[in-house]
Amino acid sequence: MGFYATQVLPRLIDAALGPKATGPRRARVCAGLHGRVVEVGFGSGWNVPYYPAEVESVAAVEPADVAWTLATERVAASPARIERVGLDGARLPLDDASCDTALSTWTMCTIPDIESALGELCRVLKAGGTLHFIEHGLAPDEDVKVQRLQRRLDPLQQRLFGGCHVTRRIADLITHAGFEMCELDVFYEPKGPKFMSADSLGVAVRP
Ligand SMILES: C[S@@+](CC[C@H](N)C(=O)[O-])C[C@H]1O[C@@H](n2cnc3c(N)ncnc32)[C@H](O)[C@@H]1O
């Protein structure tokens, strides 16, 4: 990976996804997390201030060293114990049924093997454990024009943003992995171009 991907992009993401732009959505998606949490695509730790008091420990999975370094102060200030356990959501170094809840925010767009990553989350969650997510993806089917633009811009998006796709059907991917959807809210972010901001926020349970 080159200088842009390893040094520049994690800093751009850190600046773009700070609490001013994303705080209210982070508070919503983190509500209900508890016990041992696995967070894939931990980034620079912008979810940490929103972890509920019931979170005891967090297994963080993040490939970008710069992002993990940017998270240092937030990790140190957290009452929950946070440990970076891995680099790839598609290969979690965690035992079966070892986590109570899981978290993914704006990450399922980027993990190359997203089917395996969701399978891994299913494997490491206990029965009844919940996956909390907010992800951007393919616009709702009625927005044909937005979907058309997304398909056209997807290759460019991937090149500019470290493999980020704008055409993934997030809810379908989650249910195909074996989760049952409990809550799902699909909306556009208030700011930003529609092709990049069709969000799915929800909770899915591992049966
Ligand atoms: C758009 S950022 C979101 C970061 C963070 N979740 C947040 O909400 O601020 C996507 C993150 O996914 C990470 N990522 C990329 N490939 C990954 C993989 N295979 N497994 C886990 N995380 C990955 C990136 O390094 C980046 O930190």
# chains A, B, ... in the order shown; residues from 1 in each chain; ligands from 1
call {"tool": "closest_atom_pairs", "arguments": {"of": "chain A", "to": "ligand 1", "cutoff": "6 Å", "atoms": "only C-alpha atoms and all ligand atoms", "output": "Markdown table"}}
result
| residue | atom | partner | partner_atom_place_in_ligand_line | distance |
| --- | --- | --- | --- | --- |
| A:Ile13 | CA | ligand 1 | 1 (C) | 6.0 |
| A:Leu17 | CA | ligand 1 | 9 (O) | 5.4 |
| A:Val40 | CA | ligand 1 | 21 (C) | 5.1 |
| A:Gly41 | CA | ligand 1 | 22 (N) | 3.5 |
| A:Phe42 | CA | ligand 1 | 6 (N) | 4.8 |
| A:Gly43 | CA | ligand 1 | 27 (O) | 3.5 |
| A:Trp46 | CA | ligand 1 | 9 (O) | 5.3 |
| A:Val61 | CA | ligand 1 | 21 (C) | 5.6 |
| A:Glu62 | CA | ligand 1 | 22 (N) | 4.7 |
| A:Pro63 | CA | ligand 1 | 25 (O) | 5.1 |
| A:Ala64 | CA | ligand 1 | 25 (O) | 4.7 |
| A:Leu87 | CA | ligand 1 | 20 (N) | 5.9 |
| A:Asp88 | CA | ligand 1 | 20 (N) | 3.6 |
| A:Gly89 | CA | ligand 1 | 20 (N) | 3.8 |
| A:Thr105 | CA | ligand 1 | 6 (N) | 4.3 |
| A:Trp106 | CA | ligand 1 | 3 (C) | 4.8 |
| A:Thr107 | CA | ligand 1 | 10 (C) | 4.2 |
| A:Thr110 | CA | ligand 1 | 15 (C) | 5.3 |
| A:Ile111 | CA | ligand 1 | 19 (N) | 4.1 |
| A:Pro112 | CA | ligand 1 | 19 (N) | 5.9 |
call {"tool": "residues_around", "arguments": {"residues": "segment 161-166 of chain A", "least_positions_apart": "6", "cutoff": "12 Å", "atoms": "only C-alpha atoms", "output": "PyMOL selection string"}}
result
chain A and resi 1-13+63-64+106-114+135-139+146-155+193-199
call {"tool": "write_last_selection", "arguments": {"atoms": "N, CA and C atoms", "output": "compact mmCIF listing (two decimals), in the first residue's frame"}}
result
# COMPACT_ATOMS: atom_id res chain seq x y z
N MET A 1 0.85 -1.20 0.00
CA MET A 1 0.00 0.00 0.00
C MET A 1 0.88 1.25 0.00
N GLY A 2 0.45 2.28 -0.71
CA GLY A 2 1.26 3.49 -0.85
C GLY A 2 1.04 4.50 0.26
N PHE A 3 1.75 5.63 0.10
CA PHE A 3 1.73 6.71 1.10
C PHE A 3 0.30 7.24 1.30
N TYR A 4 -0.42 7.43 0.19
CA TYR A 4 -1.79 7.98 0.30
C TYR A 4 -2.66 7.07 1.17
N ALA A 5 -2.62 5.76 0.88
CA ALA A 5 -3.50 4.82 1.60
C ALA A 5 -3.10 4.68 3.06
N THR A 6 -1.80 4.67 3.34
CA THR A 6 -1.38 4.38 4.71
C THR A 6 -1.30 5.64 5.58
N GLN A 7 -0.94 6.79 4.97
CA GLN A 7 -0.71 8.00 5.78
C GLN A 7 -1.80 9.06 5.64
N VAL A 8 -2.26 9.27 4.40
CA VAL A 8 -3.19 10.38 4.15
C VAL A 8 -4.63 9.98 4.44
N LEU A 9 -5.06 8.86 3.86
CA LEU A 9 -6.47 8.47 3.97
C LEU A 9 -6.96 8.31 5.42
N PRO A 10 -6.21 7.66 6.29
CA PRO A 10 -6.71 7.55 7.68
C PRO A 10 -6.91 8.93 8.33
N ARG A 11 -6.09 9.89 7.97
CA ARG A 11 -6.25 11.24 8.54
C ARG A 11 -7.46 11.94 7.94
N LEU A 12 -7.68 11.74 6.64
CA LEU A 12 -8.87 12.32 6.00
C LEU A 12 -10.14 11.75 6.63
N ILE A 13 -10.14 10.43 6.84
CA ILE A 13 -11.32 9.78 7.43
C ILE A 13 -11.53 10.29 8.85
N PRO A 63 -7.02 -2.29 10.36
CA PRO A 63 -5.76 -2.49 9.65
C PRO A 63 -4.84 -1.27 9.62
N ALA A 64 -5.38 -0.06 9.76
CA ALA A 64 -4.55 1.13 9.54
C ALA A 64 -3.84 1.55 10.82
N TRP A 106 -19.68 2.57 9.20
CA TRP A 106 -19.13 3.00 7.90
C TRP A 106 -17.90 2.17 7.53
N THR A 107 -18.00 0.89 7.71
CA THR A 107 -16.88 -0.02 7.44
C THR A 107 -17.23 -1.14 6.47
N MET A 108 -18.48 -1.59 6.46
CA MET A 108 -18.85 -2.70 5.58
C MET A 108 -18.68 -2.35 4.10
N CYS A 109 -18.61 -1.05 3.82
CA CYS A 109 -18.36 -0.60 2.44
C CYS A 109 -16.96 -0.96 1.98
N THR A 110 -16.03 -1.10 2.93
CA THR A 110 -14.60 -1.14 2.60
C THR A 110 -13.97 -2.53 2.75
N ILE A 111 -14.48 -3.33 3.67
CA ILE A 111 -13.87 -4.66 3.87
C ILE A 111 -13.98 -5.45 2.57
N PRO A 112 -12.84 -5.88 2.00
CA PRO A 112 -12.91 -6.55 0.68
C PRO A 112 -13.81 -7.78 0.70
N ASP A 113 -13.60 -8.68 1.67
CA ASP A 113 -14.42 -9.90 1.72
C ASP A 113 -15.51 -9.71 2.78
N ILE A 114 -16.51 -8.92 2.43
CA ILE A 114 -17.53 -8.56 3.42
C ILE A 114 -18.37 -9.77 3.84
N GLU A 135 -24.09 2.02 8.13
CA GLU A 135 -23.27 1.80 6.94
C GLU A 135 -23.89 2.53 5.75
N HIS A 136 -23.04 3.02 4.87
CA HIS A 136 -23.61 3.57 3.65
C HIS A 136 -23.54 2.52 2.55
N GLY A 137 -24.50 2.60 1.62
CA GLY A 137 -24.56 1.58 0.58
C GLY A 137 -25.44 2.01 -0.56
N LEU A 138 -25.96 1.01 -1.26
CA LEU A 138 -26.80 1.29 -2.43
C LEU A 138 -28.06 2.05 -1.99
N ALA A 139 -28.42 3.07 -2.76
CA ALA A 139 -29.61 3.86 -2.45
C ALA A 139 -30.86 2.97 -2.54
N VAL A 146 -30.15 7.75 -8.45
CA VAL A 146 -29.02 7.72 -7.51
C VAL A 146 -28.28 6.39 -7.68
N GLN A 147 -29.03 5.30 -7.79
CA GLN A 147 -28.38 3.99 -7.97
C GLN A 147 -27.54 3.96 -9.25
N ARG A 148 -28.08 4.57 -10.31
CA ARG A 148 -27.34 4.57 -11.59
C ARG A 148 -26.01 5.33 -11.43
N LEU A 149 -26.09 6.48 -10.74
CA LEU A 149 -24.88 7.27 -10.49
C LEU A 149 -23.89 6.49 -9.62
N GLN A 150 -24.43 5.80 -8.63
CA GLN A 150 -23.55 5.01 -7.75
C GLN A 150 -22.80 3.94 -8.54
N ARG A 151 -23.50 3.28 -9.47
CA ARG A 151 -22.84 2.21 -10.23
C ARG A 151 -21.76 2.81 -11.14
N ARG A 152 -22.03 4.02 -11.63
CA ARG A 152 -21.06 4.67 -12.51
C ARG A 152 -19.81 5.11 -11.70
N LEU A 153 -20.05 5.62 -10.49
CA LEU A 153 -18.93 6.19 -9.72
C LEU A 153 -18.22 5.18 -8.82
N ASP A 154 -18.77 3.98 -8.72
CA ASP A 154 -18.20 3.00 -7.79
C ASP A 154 -16.70 2.73 -8.02
N PRO A 155 -16.26 2.55 -9.27
CA PRO A 155 -14.82 2.28 -9.46
C PRO A 155 -13.94 3.44 -8.99
N PRO A 193 -23.11 14.37 -0.87
CA PRO A 193 -23.81 13.89 -2.06
C PRO A 193 -24.58 12.60 -1.77
N LYS A 194 -25.76 12.50 -2.38
CA LYS A 194 -26.62 11.35 -2.09
C LYS A 194 -25.95 10.02 -2.42
N PHE A 195 -25.12 9.99 -3.45
CA PHE A 195 -24.54 8.70 -3.85
C PHE A 195 -23.62 8.13 -2.78
N MET A 196 -23.11 9.00 -1.90
CA MET A 196 -22.20 8.55 -0.83
C MET A 196 -22.88 8.46 0.52
N SER A 197 -24.14 8.83 0.58
CA SER A 197 -24.71 9.02 1.92
C SER A 197 -26.05 8.32 2.14
N ALA A 198 -26.27 7.22 1.43
CA ALA A 198 -27.48 6.42 1.68
C ALA A 198 -27.16 5.45 2.82
N ASP A 199 -27.58 5.83 4.03
CA ASP A 199 -27.18 5.08 5.22
C ASP A 199 -28.23 4.06 5.65
call {"tool": "residues_around", "arguments": {"residues": "Ala80 of chain A", "least_positions_apart": "5", "cutoff": "9 Å", "atoms": "only C-alpha atoms", "output": "PyMOL selection string"}}
result
chain A and resi 48+51+53-58+75
call {"tool": "write_last_selection", "arguments": {"atoms": "N, CA, C and O atoms", "output": "PDB file, in the first residue's frame"}}
result
ATOM      1  N   VAL A  48     -15.749   5.560  20.590  1.00  0.00           N
ATOM      2  CA  VAL A  48     -15.427   5.286  21.993  1.00  0.00           C
ATOM      3  C   VAL A  48     -16.226   6.164  22.969  1.00  0.00           C
ATOM      4  O   VAL A  48     -16.785   5.660  23.946  1.00  0.00           O
ATOM      5  N   TYR A  51     -19.692   4.684  23.757  1.00  0.00           N
ATOM      6  CA  TYR A  51     -19.937   3.365  24.336  1.00  0.00           C
ATOM      7  C   TYR A  51     -20.740   3.540  25.626  1.00  0.00           C
ATOM      8  O   TYR A  51     -20.354   4.323  26.507  1.00  0.00           O
ATOM      9  N   ALA A  53     -22.098   2.676  29.437  1.00  0.00           N
ATOM     10  CA  ALA A  53     -21.351   2.251  30.634  1.00  0.00           C
ATOM     11  C   ALA A  53     -21.326   0.731  30.768  1.00  0.00           C
ATOM     12  O   ALA A  53     -20.452   0.175  31.435  1.00  0.00           O
ATOM     13  N   GLU A  54     -22.286   0.055  30.134  1.00  0.00           N
ATOM     14  CA  GLU A  54     -22.376  -1.415  30.240  1.00  0.00           C
ATOM     15  C   GLU A  54     -21.321  -2.140  29.405  1.00  0.00           C
ATOM     16  O   GLU A  54     -21.195  -3.364  29.454  1.00  0.00           O
ATOM     17  N   VAL A  55     -20.563  -1.399  28.585  1.00  0.00           N
ATOM     18  CA  VAL A  55     -19.490  -2.030  27.799  1.00  0.00           C
ATOM     19  C   VAL A  55     -18.297  -2.288  28.720  1.00  0.00           C
ATOM     20  O   VAL A  55     -17.789  -1.370  29.357  1.00  0.00           O
ATOM     21  N   GLU A  56     -17.882  -3.570  28.780  1.00  0.00           N
ATOM     22  CA  GLU A  56     -16.767  -3.927  29.671  1.00  0.00           C
ATOM     23  C   GLU A  56     -15.429  -3.943  28.933  1.00  0.00           C
ATOM     24  O   GLU A  56     -14.418  -3.459  29.431  1.00  0.00           O
ATOM     25  N   SER A  57     -15.423  -4.527  27.743  1.00  0.00           N
ATOM     26  CA  SER A  57     -14.170  -4.586  26.987  1.00  0.00           C
ATOM     27  C   SER A  57     -14.489  -4.584  25.500  1.00  0.00           C
ATOM     28  O   SER A  57     -15.594  -4.951  25.084  1.00  0.00           O
ATOM     29  N   VAL A  58     -13.503  -4.132  24.723  1.00  0.00           N
ATOM     30  CA  VAL A  58     -13.701  -4.016  23.276  1.00  0.00           C
ATOM     31  C   VAL A  58     -12.524  -4.663  22.557  1.00  0.00           C
ATOM     32  O   VAL A  58     -11.357  -4.338  22.842  1.00  0.00           O
ATOM     33  N   VAL A  75      -8.794   5.965  23.387  1.00  0.00           N
ATOM     34  CA  VAL A  75      -8.659   4.627  23.982  1.00  0.00           C
ATOM     35  C   VAL A  75      -8.239   4.754  25.442  1.00  0.00           C
ATOM     36  O   VAL A  75      -8.797   4.087  26.331  1.00  0.00           O
TER      37      VAL A  75
END
call {"tool": "select_by_dssp", "arguments": {"residues": "segment 50-161 of chain A", "states": "helix (DSSP H, G or I)", "output": "ChimeraX atom specification"}}
result
/A:50,65-70,72-77,114-124,144-160
call {"tool": "atom_distance", "arguments": {"atom1": "atom CA of Leu70 of chain A", "atom2": "atom CA of Ala15 of chain A"}}
result
10.6 Å
call {"tool": "closest_residue", "arguments": {"among": "A:Thr69, A:Ser98, A:Gln158, A:Ser104", "to": "Ile170 of chain A", "atoms": "only C-alpha atoms"}}
result
A:Ser104
call {"tool": "residues_around", "arguments": {"residues": "Glu120 of chain A", "least_positions_apart": "5", "cutoff": "8 Å", "atoms": "only C-alpha atoms", "output": "number ranges by chain"}}
result
A: 89-92
call {"tool": "closest_residue", "arguments": {"among": "A:Gly35, A:Pro190, A:Pro52, A:Gly202", "to": "Asp100 of chain A", "atoms": "only C-alpha atoms"}}
result
A:Gly35
call {"tool": "decode", "arguments": {"residues": "segment 82-95 of chain A", "atoms": "N, CA, C and O atoms", "output": "CSV table (one decimal), in the first residue's frame"}}
result
chain,number,residue,atom,x,y,z
A,82,ILE,N,-9.9,-1.5,26.0
A,82,ILE,CA,-9.9,-1.6,24.5
A,82,ILE,C,-8.6,-2.2,24.1
A,82,ILE,O,-7.5,-1.7,24.4
A,83,GLU,N,-8.6,-3.3,23.3
A,83,GLU,CA,-7.4,-3.9,22.8
A,83,GLU,C,-7.6,-4.1,21.3
A,83,GLU,O,-8.6,-4.6,20.8
A,84,ARG,N,-6.5,-3.8,20.5
A,84,ARG,CA,-6.5,-4.1,19.1
A,84,ARG,C,-6.1,-5.5,18.9
A,84,ARG,O,-5.0,-5.9,19.1
A,85,VAL,N,-7.1,-6.3,18.4
A,85,VAL,CA,-6.8,-7.8,18.4
A,85,VAL,C,-6.5,-8.2,17.0
A,85,VAL,O,-6.1,-9.4,16.8
A,86,GLY,N,-6.8,-7.4,15.9
A,86,GLY,CA,-6.6,-7.9,14.6
A,86,GLY,C,-6.7,-6.8,13.5
A,86,GLY,O,-6.9,-5.6,13.8
A,87,LEU,N,-6.4,-7.2,12.3
A,87,LEU,CA,-6.2,-6.3,11.2
A,87,LEU,C,-7.3,-6.5,10.1
A,87,LEU,O,-7.4,-5.6,9.2
A,88,ASP,N,-8.1,-7.6,10.2
A,88,ASP,CA,-9.0,-7.8,9.1
A,88,ASP,C,-10.3,-8.4,9.6
A,88,ASP,O,-10.2,-9.5,10.3
A,89,GLY,N,-11.4,-7.8,9.4
A,89,GLY,CA,-12.7,-8.3,9.8
A,89,GLY,C,-13.0,-9.6,9.3
A,89,GLY,O,-13.9,-10.3,9.8
A,90,ALA,N,-12.4,-10.0,8.2
A,90,ALA,CA,-12.7,-11.3,7.6
A,90,ALA,C,-12.0,-12.5,8.3
A,90,ALA,O,-12.2,-13.6,8.0
A,91,ARG,N,-11.1,-12.1,9.2
A,91,ARG,CA,-10.4,-13.2,10.0
A,91,ARG,C,-10.3,-12.7,11.4
A,91,ARG,O,-9.3,-12.1,11.8
A,92,LEU,N,-11.2,-13.0,12.2
A,92,LEU,CA,-11.2,-12.5,13.6
A,92,LEU,C,-10.5,-13.5,14.5
A,92,LEU,O,-11.0,-14.7,14.6
A,93,PRO,N,-9.5,-13.1,15.3
A,93,PRO,CA,-8.8,-14.0,16.1
A,93,PRO,C,-9.5,-14.1,17.5
A,93,PRO,O,-8.9,-13.9,18.6
A,94,LEU,N,-10.8,-14.5,17.4
A,94,LEU,CA,-11.6,-14.6,18.6
A,94,LEU,C,-12.3,-15.9,18.6
A,94,LEU,O,-12.6,-16.4,17.6
A,95,ASP,N,-12.6,-16.4,19.8
A,95,ASP,CA,-13.3,-17.7,20.0
A,95,ASP,C,-14.7,-17.6,19.5
A,95,ASP,O,-15.3,-16.5,19.6
